[in-house]
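Enquirer: Sending over a structure as structure tokens; questions will come in a sec.
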Number of protein chains: 2
Amino acid sequence: MREFKRRSRVLLIDDNADHLRGVKELITLESSYDVVGTTTSANIGINLAKKYRPDIILMDINMPEKDGLQAIQEIEKLDMDIRVIALSGYDDADLIFRAMKIGAKGYVLKTMASAQLIYAMDEVAAGKIYLPTALTSRFFEYFQNSFKEEAKSSSEENLLTYLTAREEEVLDLLTQGNNYKSIAGKLFISETTVKTHVNNIFQKLQVNDRTQAVLYALNNGFANRRLSKIAV
Amino acid sequence: MREFKRRSRVLLIDDNADHLRGVKELITLESSYDVVGTTTSANIGINLAKKYRPDIILMDINMPEKDGLQAIQEIEKLDMDIRVIALSGYDDADLIFRAMKIGAKGYVLKTMASAQLIYAMDEVAAGKIYLPTALTSRFFEYFQNSFKEEAKSSSEENLLTYLTAREEEVLDLLTQGNNYKSIAGKLFISETTVKTHVNNIFQKLQVNDRTQAVLYALNNGFANRRLSKIAV
DNA sequence: GAATTTATCAATCCAAAGATGTAGGACAAA
DNA sequence: TTTGTCCTACATCTTTGGATTGATAAATTC
């Protein structure tokens with residue numbers, strides 16, 4: 001049996017009309033994709049996306065009017081299996097990171113060879129995620145850096161380590177928003193005992209109240225150390 | 001002037017003695033790297049790392065005795081500019097993600113061609129981060145998935161949107177551990193006014209006390225502290 | 001211009017949180 | 001055995017937090 005592969009449909013969004021034309025021509029001539037629409041406006045682009053349901057969107061993310069990243073986010077929220085490839089003039093690590101974070105399936109520099117753009121589209125059309133090697137490297141540097149600080153703060157002398165097992169239990173319940181009575185009930189001890197523990201926790205963490213204790217815990221790798229911080 | 005490039009020094013850690021021998025031979029014969037040590041024990045490997053200060057470590061992360069990931073973490077903590085490449089039998093997304101998160105400079109499958117291992121070493125020796133394309137794709141799928149949930153919870157009807165500008169200011173100060181008096185001082189308003197705002201915040205966020213309000217804010221993408229969750 | 005929302009402040013009252021001191025029993029280490 | 005730590009508990013007291021009601025002025029919206 002022969003499988004007919006439907007030609008993939010592409011929508012182009014780029015506020016630079018010249019570049020837009022260039023990319024359209026490139027795709028039309030040198031690839032097997034159908035350009036179903038082009039626009040210089042992110043907002044119009046989002047509407048076109050809803051209307052034409054393209055397989056792929058090439059989205060310029062350096063637009064003044066509306067942030068391309070935001071546009072990607074809105075398209076992702078549609079949850080329509082539209083794959084967005086970010087087009088950018090900058091190989092800025094932060095930009096790459098944010099684009100990938102919000103769901104871009106690829107990130108290609110405008111300065112890259114046209115063949116690379118087509119290749120990225122092929123990969124993304126095939127369901128993969130594509131980042132040029134150089135950008136991947138940048139991404140990972142950024143990615144790893146964002147964890148370094150955390151690694152330090154949670155490995156360096158952490159006041160949390162001074163807590164006893166029971167105190168950790170109490171703190172855990174505190175970080176879930178429980179008050180004294182609630183904690184006492186859950187641990188089957190008296191409320192006054194809970195107060196004693198909480199007071200000891202305050203002393204050890206050098207804080208003044210439960211809110212500060214909770215914040216300290218969350219910012220220093222408490223909660224099973226399952227939560228990680230990434231600045232966005 | 002001629003620049004002499006020092007031969008890079010490599011340490012091999014792999015609990016499988018056979019594979020260890022194989023890799024050593026491969027590197028010795030087909031590359032310009034010096035193998036300065038080999039061991040089947042992660043713990044010994046860490047000590048060898050301290051002693052010989054290799055440029056690169058090839059670390060098997062599928063070891064029963066001690067977790068290779070943990071070993072990588074300990075080596076990273078040494079902060080000695082030793083670049084670790086994870087060797088693994090599995091292209092499991094979670095494994096890849098965790099390895100890269102803790103600072104591995106590369107991740108190579110044992111089943112991959114030897115040329116790819118050498119290439120990875122070259123890249124890493126040059127200061128880059130290397131992941132085979134196929135694994136990069138897997139990594140990103142995992143990466144993006146871990147943000148999907150969050151995107152939903154912060155885009156879906158978020159009670160935070162009902163707050164007025166002033167209430168947001170107050171909540172922001174709450175999430176920094178301030179009490180009424182402190183907030184009043186910082187906003188130059190009376191304490192009772194702060195109480196009014198805070199009460200309104202409680203109503204809108206449907207919580208009972210400041211701790212719960214702070215937790216709600218942090219878990220729902222409140223302003224400044226855009227903390228993201230990633231399961232580790 | 002009227003109606004609504006927002007920000008401000010006050011008084012009052014009760015509940016909850018927090019500080020401090022004391023103390024007994026369990027348990028482990030010295 | 002003694003020492004120390006931890007968990008438990010109570011009493012007392014002060015402070016802070018939070019609920020409720022009501023009120024005024026300014027800004028916004030209709």
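The chains in the structure tokens are called A, B, ... from first to last as shown; in each chain the residues are counted from 1, and the ligands are counted from 1 in the order shown.
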With only C-alpha atoms (C1' of nucleotides) counted and 9 Å as the cut-off, give the residues of chain A in contact with chain C, each with its shortest interatomic distance in Å and the pair that gives it, as a tab-separated table.
Expert:
residue	atom	partner	partner_atom	distance
A:Asn179	CA	C:DA16	C1'	8.6
A:Tyr180	CA	C:DA16	C1'	8.5
A:Lys195	CA	C:DG18	C1'	8.2
A:Asn199	CA	C:DG18	C1'	7.5
A:Asn208	CA	C:DG18	C1'	8.7
A:Asp209	CA	C:DG18	C1'	7.7
A:Arg210	CA	C:DA17	C1'	8.7
Enquirer: Using DSSP on the backbone coordinates, identify the residues of region 47-92 of chain A assigned to helix (DSSP H, G or I); present them as a PyMOL selection string.
Expert: chain A and resi 47-52+68-78
Enquirer: Quick one: pull the distance between CA of Ile61 (chain A) and CA of Met100 (chain A), Å, one decimal.
Expert: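 For CA of Ile61 (chain A) relative to CA of Met100 (chain A), the distance reads 12.1 Å.
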Enquirer: Excluding Gly106 (chain A) and residues on its chain fewer than 5 positions from it, collect all residues at most 7 Å away from it, counting only C-alpha atoms (C1' of nucleotides), and give them as a list in words.
Expert: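 Within the cut-off, the hits are Val84, Ile85, Ala86, Ala120, Ile129, Tyr130 and Leu131 of chain A.
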Enquirer: Quick one: which residues from chain D are at most 10 Å off chain A, using only C-alpha atoms (C1' of nucleotides), as an MDAnalysis selection string?
Expert: chainID D and resid 5:10
Enquirer: May I ask you to extract the residues of chain B within 10 Å of chain A, using only C-alpha atoms, and to give them as a PyMOL selection string?
Expert: chain B and resi 73+76-77+100-106+123+127-134+136-141+143-148+151-152+155+174-179+207-216+218+224-232
Enquirer: Please return, as a VMD selection string, all residues of region 9-215 of chain B that DSSP assigns to strand (DSSP E or B) on the basis of the backbone.
Expert: chain B and resid 9 to 13 34 to 39 56 to 60 83 to 88 106 to 109 130
Enquirer: As an exercise, work out the distance from CA of Ala17 (chain A) to CA of Ser41 (chain A) in Å and give it to one decimal place.
Expert: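 Answer for the CA of Ala17 (chain A) to CA of Ser41 (chain A) separation: 10.1 Å.
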Enquirer: Excluding region 20-27 of chain A and residues on its chain fewer than 3 positions from it, collect all residues at most 10 Å away from it, counting only C-alpha atoms (C1' of nucleotides), and give them as a VMD selection string.
Expert: chain A and resid 10 to 17 30 to 40 58 60 110 114 to 115 117 to 118 121
Enquirer: Generate a file of the selected residues that holds N, CA and C atoms, formatted as a PDB file, in the first residue's frame.
Expert:
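New file out.pdb:
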ATOM      1  N   VAL A  10       1.998  25.661   6.076  1.00  0.00           N
ATOM      2  CA  VAL A  10       2.814  26.562   6.898  1.00  0.00           C
ATOM      3  C   VAL A  10       2.223  27.966   6.952  1.00  0.00           C
ATOM      4  N   LEU A  11       2.284  28.552   8.132  1.00  0.00           N
ATOM      5  CA  LEU A  11       1.863  29.949   8.297  1.00  0.00           C
ATOM      6  C   LEU A  11       3.084  30.763   8.712  1.00  0.00           C
ATOM      7  N   LEU A  12       3.273  31.903   8.064  1.00  0.00           N
ATOM      8  CA  LEU A  12       4.444  32.735   8.361  1.00  0.00           C
ATOM      9  C   LEU A  12       4.028  34.013   9.089  1.00  0.00           C
ATOM     10  N   ILE A  13       4.699  34.288  10.187  1.00  0.00           N
ATOM     11  CA  ILE A  13       4.415  35.526  10.927  1.00  0.00           C
ATOM     12  C   ILE A  13       5.733  36.251  11.166  1.00  0.00           C
ATOM     13  N   ASP A  14       5.832  37.433  10.578  1.00  0.00           N
ATOM     14  CA  ASP A  14       7.077  38.194  10.666  1.00  0.00           C
ATOM     15  C   ASP A  14       6.764  39.654  10.383  1.00  0.00           C
ATOM     16  N   ASP A  15       7.136  40.520  11.300  1.00  0.00           N
ATOM     17  CA  ASP A  15       6.759  41.913  11.110  1.00  0.00           C
ATOM     18  C   ASP A  15       7.596  42.596  10.030  1.00  0.00           C
ATOM     19  N   ASN A  16       8.682  41.939   9.642  1.00  0.00           N
ATOM     20  CA  ASN A  16       9.494  42.481   8.559  1.00  0.00           C
ATOM     21  C   ASN A  16       8.966  41.947   7.227  1.00  0.00           C
ATOM     22  N   ALA A  17       8.283  42.827   6.504  1.00  0.00           N
ATOM     23  CA  ALA A  17       7.614  42.400   5.274  1.00  0.00           C
ATOM     24  C   ALA A  17       8.591  41.826   4.254  1.00  0.00           C
ATOM     25  N   GLU A  30      11.745  25.983  -2.706  1.00  0.00           N
ATOM     26  CA  GLU A  30      12.730  24.960  -2.361  1.00  0.00           C
ATOM     27  C   GLU A  30      12.234  23.867  -1.440  1.00  0.00           C
ATOM     28  N   SER A  31      10.965  23.841  -1.172  1.00  0.00           N
ATOM     29  CA  SER A  31      10.495  22.785  -0.272  1.00  0.00           C
ATOM     30  C   SER A  31       9.139  22.287  -0.717  1.00  0.00           C
ATOM     31  N   SER A  32       8.651  21.337  -0.012  1.00  0.00           N
ATOM     32  CA  SER A  32       7.368  20.756  -0.369  1.00  0.00           C
ATOM     33  C   SER A  32       6.277  21.213   0.598  1.00  0.00           C
ATOM     34  N   TYR A  33       6.459  22.437   1.093  1.00  0.00           N
ATOM     35  CA  TYR A  33       5.448  22.946   2.014  1.00  0.00           C
ATOM     36  C   TYR A  33       4.544  23.951   1.312  1.00  0.00           C
ATOM     37  N   ASP A  34       3.313  23.995   1.747  1.00  0.00           N
ATOM     38  CA  ASP A  34       2.384  24.996   1.237  1.00  0.00           C
ATOM     39  C   ASP A  34       2.284  26.134   2.230  1.00  0.00           C
ATOM     40  N   VAL A  35       2.522  27.320   1.742  1.00  0.00           N
ATOM     41  CA  VAL A  35       2.357  28.479   2.613  1.00  0.00           C
ATOM     42  C   VAL A  35       0.889  28.882   2.562  1.00  0.00           C
ATOM     43  N   VAL A  36       0.197  28.700   3.656  1.00  0.00           N
ATOM     44  CA  VAL A  36      -1.241  28.981   3.665  1.00  0.00           C
ATOM     45  C   VAL A  36      -1.551  30.401   4.125  1.00  0.00           C
ATOM     46  N   GLY A  37      -0.535  31.095   4.570  1.00  0.00           N
ATOM     47  CA  GLY A  37      -0.795  32.462   4.983  1.00  0.00           C
ATOM     48  C   GLY A  37       0.460  33.155   5.431  1.00  0.00           C
ATOM     49  N   THR A  38       0.457  34.472   5.291  1.00  0.00           N
ATOM     50  CA  THR A  38       1.570  35.270   5.795  1.00  0.00           C
ATOM     51  C   THR A  38       0.995  36.523   6.406  1.00  0.00           C
ATOM     52  N   THR A  39       1.622  37.000   7.445  1.00  0.00           N
ATOM     53  CA  THR A  39       1.164  38.246   8.058  1.00  0.00           C
ATOM     54  C   THR A  39       2.295  38.897   8.830  1.00  0.00           C
ATOM     55  N   THR A  40       2.213  40.196   8.943  1.00  0.00           N
ATOM     56  CA  THR A  40       3.229  40.918   9.705  1.00  0.00           C
ATOM     57  C   THR A  40       2.744  41.207  11.121  1.00  0.00           C
ATOM     58  N   LEU A  58       5.941  29.509  11.357  1.00  0.00           N
ATOM     59  CA  LEU A  58       7.250  30.140  11.551  1.00  0.00           C
ATOM     60  C   LEU A  58       6.986  31.500  12.156  1.00  0.00           C
ATOM     61  N   ASP A  60       8.353  34.905  13.879  1.00  0.00           N
ATOM     62  CA  ASP A  60       9.426  35.829  14.245  1.00  0.00           C
ATOM     63  C   ASP A  60       9.179  36.264  15.693  1.00  0.00           C
ATOM     64  N   LYS A 110      17.695  33.766  11.848  1.00  0.00           N
ATOM     65  CA  LYS A 110      17.414  34.290  10.512  1.00  0.00           C
ATOM     66  C   LYS A 110      18.660  34.269   9.634  1.00  0.00           C
ATOM     67  N   SER A 114      19.368  28.750   4.383  1.00  0.00           N
ATOM     68  CA  SER A 114      17.976  28.391   4.132  1.00  0.00           C
ATOM     69  C   SER A 114      17.766  26.885   4.267  1.00  0.00           C
ATOM     70  N   ALA A 115      18.793  26.136   3.908  1.00  0.00           N
ATOM     71  CA  ALA A 115      18.674  24.679   4.012  1.00  0.00           C
ATOM     72  C   ALA A 115      18.393  24.269   5.453  1.00  0.00           C
ATOM     73  N   LEU A 117      16.756  25.954   7.657  1.00  0.00           N
ATOM     74  CA  LEU A 117      15.359  26.245   7.983  1.00  0.00           C
ATOM     75  C   LEU A 117      14.459  25.129   7.467  1.00  0.00           C
ATOM     76  N   ILE A 118      14.709  24.738   6.247  1.00  0.00           N
ATOM     77  CA  ILE A 118      13.913  23.647   5.665  1.00  0.00           C
ATOM     78  C   ILE A 118      14.096  22.369   6.488  1.00  0.00           C
ATOM     79  N   MET A 121      12.161  22.502   9.606  1.00  0.00           N
ATOM     80  CA  MET A 121      10.747  22.277   9.338  1.00  0.00           C
ATOM     81  C   MET A 121      10.469  20.793   9.123  1.00  0.00           C
TER      82      MET A 121
END
Enquirer: Could you please determine the separation between CA of Leu159 (chain B) and CA of Gln203 (chain B) in Å, to one decimal place?
Expert: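 The value is 10.0 Å.
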